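Everything below concerns the one structure shown next.
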Amino acid sequence: MTNSLIQFIRDTYQSNEFIPLHAPTFNGNEKQYVVDTIESTFVSSVGQYVDKFEQQIEQFTGAKKAVAVVNGTSALHTALYMAGIKNGDLVITQALTFVATCNALYHMGAAPIFVDVSLNTLGLCPQATETYLEENSSLNADGECIHRHSQQRIKAIMPMHTFGHPVELDGLLKICKKFNLVLIEDAAESLGSFYKGKHTGTFSDYSAISFNGNKIITTGGGGMVLCHSKNAGAHTKHITTMAKQPHAFEFFHDEPGFNYRLPNINAALGCAQMETLPDFLKRKRLLAHHYQAFFKNSDFSFVKEPKHCQSNYWLNAIICPDVASRDTLIKETNASGVMTRPIWQLMHRLPMFKSAFRGPLINSEFIETRLVNLPSSPTDIKEPLHV
Ligand SMILES: *Cc1c(COP(=O)(O)O)cnc(C)c1O
């Protein structure tokens with residue numbers, strides 16, 4: 001299996017060199033726009049590319065307002081802050097996520113509650129979330145959801161669209177309503193992914209996208225907060241730019257702010273990347289179908305986009321039949337210069353989150369020991385295999 005997979009990936013990328021998991025692609029106006037910022041000297045906190053990049057993201061996602069920030073983690077931090085997460089709050093999220101989701105919570109003084117994921121989405125499971133809340137919380141006289149054991153407030157649900165596969169948003173929104181909770185999507189990985197025709201990250205009042213070097217598009221480092229209204233967006237912009245009141249020369253800051261502004265030079269890269277995003281998405285979808293066909297009739301199951309969803313297929317993934325085959329596959333592919341990777345260790349295994357509350361994590365543990373990510377950079381496939 002491994003040898004034919006290595007050959008298949010080498011043929012797909014037409015390369016005998018090292019094949020990374022996900023490399024940035026710059027084949028548009030990147031150089032021109034970046035040079036433009038240098039020649040104009042507007043590389044930093046002032047310049048037209050930030051506004052333009054935000055507008056491109058608004059147009060593409062349908063968000064009412066997008067606010068550019070320095071990275072995905074700061075976008076998450078800002079989203080949590082704007083959504084009203086307070087010191088001592090609890091937030092339901094996945095144990096199967098990248099650590100940044102939980103770090104952002106930690107820096108708000110909040111703590112995660114880990115709930116299981118669905119096998120078909122790899123994201124937060126609505127049934128498991130509802131069961132957890134029914135067994136462990138009650139609404140107080142003010143309608144707040146109170147965690148019975150700790151008497152802390154459960155304020156929000158923060159799902160993550162794993163590898164670009166949308167979670168079951170309808171189910172989660174219903175639970176938010178029933179238990180009076182706020183939804184905050186970690187959409188760091190899901191630019192270009194849609195749930196029932198609507199872009200991920202636009203189902204919550206505030207959500208976060210990342211433009212780190214390994215994401216579907218990159219600004220070097222960067223992130224975006226998607227906001228539910230123009231007003232909310234204006235306030236978000238204000239607090240991410242140190243809450244300074246506009247004035248020609250005076251410094252007056254009217255609330256505690258963050259210095260999370262995305263530099264113009266990074267936004268320039270983002271503007272060019274947004275122009276090529278539709279092409280990336282097409283090529284990545286083709287690549288996903290190519291992999292899917294390869295693994296058909298094998299013991300390995302390819303992770304497909306969930307029903308009613310369009311995934312960006314940011315990172316392709318397979319589920320191996322058992323731990324031993326997973327370990328062999330990862331070892332042999334990496335040894336021959338084809339990069340593959342296991343999924344993250346579950347968050348409750350990390351020292352800083354080991355005492356977090358949690359429900360049963362049966363699916364998370366299953367995926368943790370069997371999933372492998374495959375090389376996923378956009379490529380040109382001459383003749384896709386047929387599924
Ligand atoms: C990449 C990522 C982030 C953080 O983005 P950075 O830009 O690296 O800070 C957050 N959450 C998830 C799920 C991610 O994959």
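So you can find residues: chains in the structure tokens are A, B, ... in the order shown, residues in each start at 1, and ligands are numbered from 1 in order.
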Taking only C-alpha atoms and all ligand atoms into account, report as a PyMOL selection string which residues have an atom no farther than 10 Å from an atom of ligand 1.
chain A and resi 69-77+96-104+159-164+185-190+208-215+218-224
Please produce an output containing C-alpha atoms for each residue in the selection, written as a PDB file, in the first residue's frame.
ATOM      1  CA  VAL A  69      -5.393  41.051  12.126  1.00  0.00           C
ATOM      2  CA  VAL A  70      -1.832  39.719  12.571  1.00  0.00           C
ATOM      3  CA  ASN A  71      -2.636  36.013  12.777  1.00  0.00           C
ATOM      4  CA  GLY A  72      -5.385  33.473  13.281  1.00  0.00           C
ATOM      5  CA  THR A  73      -4.783  33.178  17.005  1.00  0.00           C
ATOM      6  CA  SER A  74      -5.253  36.919  17.511  1.00  0.00           C
ATOM      7  CA  ALA A  75      -8.383  36.697  15.343  1.00  0.00           C
ATOM      8  CA  LEU A  76      -9.718  34.034  17.736  1.00  0.00           C
ATOM      9  CA  HIS A  77      -8.727  36.093  20.779  1.00  0.00           C
ATOM     10  CA  LEU A  96      -9.656  17.298  18.490  1.00  0.00           C
ATOM     11  CA  THR A  97      -8.361  20.688  17.380  1.00  0.00           C
ATOM     12  CA  PHE A  98      -5.190  22.691  16.935  1.00  0.00           C
ATOM     13  CA  VAL A  99      -3.919  24.126  20.215  1.00  0.00           C
ATOM     14  CA  ALA A 100      -4.583  27.747  19.147  1.00  0.00           C
ATOM     15  CA  THR A 101      -8.330  27.274  19.717  1.00  0.00           C
ATOM     16  CA  CYS A 102      -7.725  26.555  23.393  1.00  0.00           C
ATOM     17  CA  ASN A 103      -4.867  29.034  23.806  1.00  0.00           C
ATOM     18  CA  ALA A 104      -7.217  31.839  22.775  1.00  0.00           C
ATOM     19  CA  PRO A 159     -16.558  24.470  16.984  1.00  0.00           C
ATOM     20  CA  MET A 160     -13.644  24.151  14.555  1.00  0.00           C
ATOM     21  CA  HIS A 161     -14.093  23.226  10.887  1.00  0.00           C
ATOM     22  CA  THR A 162     -11.393  20.560  10.816  1.00  0.00           C
ATOM     23  CA  PHE A 163      -9.237  20.546   7.646  1.00  0.00           C
ATOM     24  CA  GLY A 164     -11.954  22.672   6.019  1.00  0.00           C
ATOM     25  CA  GLU A 185     -16.555  29.440  14.829  1.00  0.00           C
ATOM     26  CA  ASP A 186     -12.872  28.693  14.574  1.00  0.00           C
ATOM     27  CA  ALA A 187     -12.860  28.933  10.781  1.00  0.00           C
ATOM     28  CA  ALA A 188      -9.050  29.158  10.647  1.00  0.00           C
ATOM     29  CA  GLU A 189      -8.877  26.217   8.219  1.00  0.00           C
ATOM     30  CA  SER A 190     -12.067  26.715   6.250  1.00  0.00           C
ATOM     31  CA  ALA A 208     -11.765  33.711  12.929  1.00  0.00           C
ATOM     32  CA  ILE A 209      -9.794  32.808   9.789  1.00  0.00           C
ATOM     33  CA  SER A 210      -6.027  32.214   9.533  1.00  0.00           C
ATOM     34  CA  PHE A 211      -3.613  33.085   6.706  1.00  0.00           C
ATOM     35  CA  ASN A 212      -0.597  31.321   8.156  1.00  0.00           C
ATOM     36  CA  GLY A 213       1.903  29.926   5.643  1.00  0.00           C
ATOM     37  CA  ASN A 214       0.341  26.463   5.623  1.00  0.00           C
ATOM     38  CA  LYS A 215      -3.291  27.567   5.151  1.00  0.00           C
ATOM     39  CA  THR A 218      -1.315  33.007   3.084  1.00  0.00           C
ATOM     40  CA  THR A 219      -0.210  36.518   3.976  1.00  0.00           C
ATOM     41  CA  GLY A 220       3.000  35.252   5.605  1.00  0.00           C
ATOM     42  CA  GLY A 221       1.194  35.587   8.909  1.00  0.00           C
ATOM     43  CA  GLY A 222      -2.296  36.954   9.182  1.00  0.00           C
ATOM     44  CA  GLY A 223      -5.874  36.446  10.212  1.00  0.00           C
ATOM     45  CA  MET A 224      -9.350  37.857   9.802  1.00  0.00           C
TER      46      MET A 224
END
Hey, what does DSSP flag as strand (DSSP E or B) within range 72-318 of chain A? Can you give it to me as an NGL selection string?
:A and (90-94 or 111-115 or 117 or 124 or 137-139 or 145-147 or 153-158 or 160 or 182-186 or 194-195 or 198-199 or 206-210 or 223-227 or 241 or 244 or 253 or 259 or 261 or 301-302 or 309-310 or 316-318)
Surrounding residues of Arg326 in chain A excluding itself and chain neighbours under 6 positions, 12 Å, only C-alpha atoms, as a list in words
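The residues satisfying every condition are Met1, Thr2, Asp299, Phe300, Ser301, Ala317, Ile318, Ile319, Cys320, Glu332, Thr333, Thr340, Arg341, Pro342, Ile343, Phe366, Ile367, Glu368, Thr369, Arg370, Leu371, Val372 and Asn373 of chain A.
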Taking the DSSP assignment computed from this structure's backbone, write out as JSON, numbers by chain all residues of range 2-210 of chain A that belong to helix (DSSP H, G or I).
{"A": [2, 3, 4, 5, 6, 7, 8, 9, 10, 11, 12, 13, 30, 31, 32, 33, 34, 35, 36, 37, 38, 39, 40, 48, 49, 50, 51, 52, 53, 54, 55, 56, 57, 58, 59, 60, 61, 72, 73, 74, 75, 76, 77, 78, 79, 80, 81, 82, 99, 100, 101, 102, 103, 104, 105, 106, 107, 126, 127, 128, 129, 130, 131, 132, 133, 134, 135, 136, 162, 163, 164, 169, 170, 171, 172, 173, 174, 175, 176, 177, 178, 179]}
Identify, on the basis of only C-alpha atoms, every residue whose closest approach to Pro20 in chain A does not exceed 9 Å; exclude the query and any residue fewer than 4 positions from it along the same chain; express the result as a PyMOL selection string.
chain A and resi 337-340+374-377
I need the residues from that last selection saved to file as a PDB file, in the first residue's frame (with N, CA, C and O atoms), if you can.
ATOM      1  N   GLY A 337      10.545  10.969   1.653  1.00  0.00           N
ATOM      2  CA  GLY A 337      10.437  12.360   1.200  1.00  0.00           C
ATOM      3  C   GLY A 337       9.037  12.795   0.808  1.00  0.00           C
ATOM      4  O   GLY A 337       8.859  13.793   0.127  1.00  0.00           O
ATOM      5  N   VAL A 338       8.038  12.024   1.201  1.00  0.00           N
ATOM      6  CA  VAL A 338       6.647  12.441   0.980  1.00  0.00           C
ATOM      7  C   VAL A 338       6.064  12.719   2.360  1.00  0.00           C
ATOM      8  O   VAL A 338       5.916  11.815   3.185  1.00  0.00           O
ATOM      9  N   MET A 339       5.759  13.978   2.622  1.00  0.00           N
ATOM     10  CA  MET A 339       5.358  14.350   3.967  1.00  0.00           C
ATOM     11  C   MET A 339       3.909  13.955   4.266  1.00  0.00           C
ATOM     12  O   MET A 339       2.999  14.295   3.515  1.00  0.00           O
ATOM     13  N   THR A 340       3.740  13.215   5.343  1.00  0.00           N
ATOM     14  CA  THR A 340       2.400  12.909   5.864  1.00  0.00           C
ATOM     15  C   THR A 340       2.464  13.159   7.360  1.00  0.00           C
ATOM     16  O   THR A 340       3.552  13.249   7.926  1.00  0.00           O
ATOM     17  N   LEU A 374      -2.435  13.911   4.094  1.00  0.00           N
ATOM     18  CA  LEU A 374      -1.631  13.664   2.897  1.00  0.00           C
ATOM     19  C   LEU A 374      -1.261  14.993   2.232  1.00  0.00           C
ATOM     20  O   LEU A 374      -1.947  15.999   2.443  1.00  0.00           O
ATOM     21  N   PRO A 375      -0.205  15.002   1.403  1.00  0.00           N
ATOM     22  CA  PRO A 375       0.175  16.240   0.712  1.00  0.00           C
ATOM     23  C   PRO A 375      -1.031  16.846  -0.008  1.00  0.00           C
ATOM     24  O   PRO A 375      -1.771  16.131  -0.690  1.00  0.00           O
ATOM     25  N   SER A 376      -1.213  18.159   0.160  1.00  0.00           N
ATOM     26  CA  SER A 376      -2.461  18.781  -0.297  1.00  0.00           C
ATOM     27  C   SER A 376      -2.268  20.119  -1.013  1.00  0.00           C
ATOM     28  O   SER A 376      -3.243  20.812  -1.278  1.00  0.00           O
ATOM     29  N   SER A 377      -1.039  20.484  -1.341  1.00  0.00           N
ATOM     30  CA  SER A 377      -0.856  21.735  -2.093  1.00  0.00           C
ATOM     31  C   SER A 377      -1.596  21.632  -3.415  1.00  0.00           C
ATOM     32  O   SER A 377      -1.671  20.562  -3.997  1.00  0.00           O
TER      33      SER A 377
END
Within 12 Å of Glu365 in chain A using only C-alpha atoms, minus same-chain residues under 2 positions, as a list in words
Gln94, Ala95, Leu96, Val115, Asp116, Val117, Ser118, Leu119, Leu122, Val323, Ile343, Trp344, Gln345, Leu346, Met347, His348, Arg349, Pro360, Leu361, Ile362, Asn363, Ile367, Glu368, Thr369, Arg370 and Leu371 of chain A
Which one is closest to Met158 in chain A: A:Ile381, A:Ala141, A:Leu315, A:Leu80? Count only C-alpha atoms.
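Among A:Ile381, A:Ala141, A:Leu315, A:Leu80, it is A:Leu80 that comes nearest to Met158 in chain A.
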Skipping near chain neighbours, those fewer than 3 positions away, what residues fall within 10 Å of Ser150 in chain A using only C-alpha atoms, listed as a list of chain:residue names?
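What passes the distance filter is A:Leu90, A:Asn136, A:Ser137, A:Ile146, A:His147, A:Arg153, A:Phe357.
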Using all heavy atoms, can you export the residues from the last selection as a compact mmCIF listing (two decimals), in the first residue's frame?
# COMPACT_ATOMS: atom_id res chain seq x y z
N LEU A 90 -16.80 29.21 30.93
CA LEU A 90 -16.48 27.94 30.27
C LEU A 90 -16.98 28.01 28.84
O LEU A 90 -18.02 28.62 28.57
CB LEU A 90 -17.15 26.78 31.01
CG LEU A 90 -16.69 26.54 32.45
CD1 LEU A 90 -17.57 25.48 33.11
CD2 LEU A 90 -15.23 26.09 32.47
N ASN A 136 -25.04 18.12 32.49
CA ASN A 136 -24.11 18.88 33.32
C ASN A 136 -24.43 20.34 33.56
O ASN A 136 -23.66 21.04 34.20
CB ASN A 136 -22.69 18.80 32.72
CG ASN A 136 -22.14 17.39 32.75
OD1 ASN A 136 -21.73 16.90 33.79
ND2 ASN A 136 -22.18 16.73 31.60
N SER A 137 -25.55 20.82 32.99
CA SER A 137 -25.82 22.25 33.16
C SER A 137 -27.28 22.51 33.49
O SER A 137 -28.13 21.64 33.28
CB SER A 137 -25.44 23.01 31.88
OG SER A 137 -26.44 22.82 30.89
N ILE A 146 -25.50 27.39 33.46
CA ILE A 146 -24.55 27.21 34.56
C ILE A 146 -24.08 25.76 34.62
O ILE A 146 -24.88 24.83 34.60
CB ILE A 146 -25.18 27.59 35.92
CG1 ILE A 146 -25.68 29.05 35.89
CG2 ILE A 146 -24.19 27.38 37.08
CD1 ILE A 146 -24.61 30.11 35.70
N HIS A 147 -22.76 25.59 34.65
CA HIS A 147 -22.14 24.28 34.79
C HIS A 147 -22.35 23.83 36.23
O HIS A 147 -21.84 24.46 37.17
CB HIS A 147 -20.64 24.40 34.47
CG HIS A 147 -19.92 23.10 34.41
ND1 HIS A 147 -18.94 22.75 35.31
CD2 HIS A 147 -20.03 22.07 33.56
CE1 HIS A 147 -18.47 21.55 35.01
NE2 HIS A 147 -19.11 21.12 33.95
N ARG A 153 -20.18 29.83 34.57
CA ARG A 153 -21.09 30.07 33.46
C ARG A 153 -20.53 29.41 32.19
O ARG A 153 -19.36 29.57 31.86
CB ARG A 153 -21.23 31.58 33.23
CG ARG A 153 -22.11 31.95 32.04
CD ARG A 153 -22.33 33.44 31.99
NE ARG A 153 -21.13 34.15 31.49
CZ ARG A 153 -21.16 35.33 30.88
NH1 ARG A 153 -22.32 35.95 30.70
NH2 ARG A 153 -20.05 35.91 30.47
N PHE A 357 -12.78 20.16 32.08
CA PHE A 357 -13.93 19.27 32.09
C PHE A 357 -14.08 18.64 30.71
O PHE A 357 -13.74 19.26 29.70
CB PHE A 357 -15.20 20.05 32.43
CG PHE A 357 -15.18 20.66 33.79
CD1 PHE A 357 -15.17 22.05 33.97
CD2 PHE A 357 -15.15 19.85 34.93
CE1 PHE A 357 -15.13 22.61 35.23
CE2 PHE A 357 -15.13 20.41 36.20
CZ PHE A 357 -15.12 21.79 36.35
Looking at A:Lys174, A:His22, A:His149, A:Lys354, which one is nearest to Tyr313 in chain A, with distances taken over only C-alpha atoms?
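Nearest candidate to Tyr313 in chain A out of A:Lys174, A:His22, A:His149, A:Lys354: A:His22.
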Need the shell around range 267-282 of chain A: protein/DNA/RNA residues with any atom at most 7 Å away, counting only C-alpha atoms. Skip same-chain ones fewer than 5 positions apart. Format as number ranges by chain?
A: 28-30, 33-34, 49-50, 52-53, 56, 217-219, 262, 312, 378
So that I have them on file, write out the residues from the current selection with N, CA, C and O atoms, as a tab-separated table (two decimals), in the first residue's frame.
chain	number	residue	atom	x	y	z
A	28	GLY	N	0.33	34.64	-8.96
A	28	GLY	CA	-0.47	35.77	-9.41
A	28	GLY	C	0.28	37.08	-9.25
A	28	GLY	O	1.46	37.18	-9.60
A	29	ASN	N	-0.39	38.06	-8.67
A	29	ASN	CA	0.19	39.41	-8.56
A	29	ASN	C	0.94	39.65	-7.24
A	29	ASN	O	1.17	40.81	-6.88
A	30	GLU	N	1.30	38.59	-6.55
A	30	GLU	CA	1.94	38.73	-5.23
A	30	GLU	C	3.13	39.68	-5.26
A	30	GLU	O	3.21	40.63	-4.49
A	33	TYR	N	2.30	43.44	-5.99
A	33	TYR	CA	1.64	44.16	-4.90
A	33	TYR	C	2.59	44.41	-3.73
A	33	TYR	O	2.57	45.47	-3.11
A	34	VAL	N	3.42	43.41	-3.42
A	34	VAL	CA	4.35	43.56	-2.30
A	34	VAL	C	5.39	44.64	-2.63
A	34	VAL	O	5.69	45.51	-1.81
A	49	TYR	N	-3.96	48.34	0.95
A	49	TYR	CA	-4.16	46.91	0.77
A	49	TYR	C	-4.99	46.27	1.89
A	49	TYR	O	-5.70	45.30	1.67
A	50	VAL	N	-4.89	46.85	3.10
A	50	VAL	CA	-5.66	46.27	4.21
A	50	VAL	C	-7.16	46.40	3.91
A	50	VAL	O	-7.91	45.42	4.00
A	52	LYS	N	-8.59	46.83	1.05
A	52	LYS	CA	-8.92	46.05	-0.14
A	52	LYS	C	-9.04	44.56	0.22
A	52	LYS	O	-9.97	43.87	-0.23
A	53	PHE	N	-8.12	44.07	1.02
A	53	PHE	CA	-8.12	42.66	1.44
A	53	PHE	C	-9.39	42.36	2.24
A	53	PHE	O	-10.06	41.34	2.02
A	56	GLN	N	-12.28	42.11	-0.13
A	56	GLN	CA	-12.26	40.85	-0.89
A	56	GLN	C	-12.82	39.70	-0.05
A	56	GLN	O	-13.57	38.86	-0.55
A	217	ILE	N	-4.77	30.05	1.72
A	217	ILE	CA	-4.04	31.21	1.20
A	217	ILE	C	-3.22	31.77	2.36
A	217	ILE	O	-3.56	31.56	3.52
A	218	THR	N	-2.16	32.49	2.01
A	218	THR	CA	-1.31	33.01	3.08
A	218	THR	C	-0.94	34.46	2.87
A	218	THR	O	-0.87	34.94	1.74
A	219	THR	N	-0.73	35.15	4.00
A	219	THR	CA	-0.21	36.52	3.98
A	219	THR	C	1.14	36.55	4.70
A	219	THR	O	1.53	37.58	5.23
A	262	LEU	N	-3.08	44.11	10.94
A	262	LEU	CA	-2.29	43.43	9.90
A	262	LEU	C	-1.51	44.48	9.11
A	262	LEU	O	-2.10	45.42	8.59
A	312	ASN	N	-13.28	23.04	1.42
A	312	ASN	CA	-12.15	23.56	0.64
A	312	ASN	C	-11.07	22.50	0.45
A	312	ASN	O	-10.13	22.71	-0.30
A	378	PRO	N	-2.15	22.77	-3.89
A	378	PRO	CA	-2.81	22.73	-5.19
A	378	PRO	C	-1.83	22.24	-6.26
A	378	PRO	O	-0.67	22.62	-6.24
Report the distance between CA of Lys237 in chain A and CA of Gln32 in chain A in Å, rounded to one decimal place.
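Separation of CA of Lys237 in chain A and CA of Gln32 in chain A: 27.1 Å.
Distances here use only C-alpha atoms; by that measure, the residue among A:Ile216, A:Leu139, A:Ala79, A:Ile113 closest to Phe26 in chain A is A:Ile216.
Nearest residue to Pro24 in chain A, choosing from A:Ser311, A:Leu173, A:Ser45, A:Thr379 and counting only C-alpha atoms: A:Thr379.
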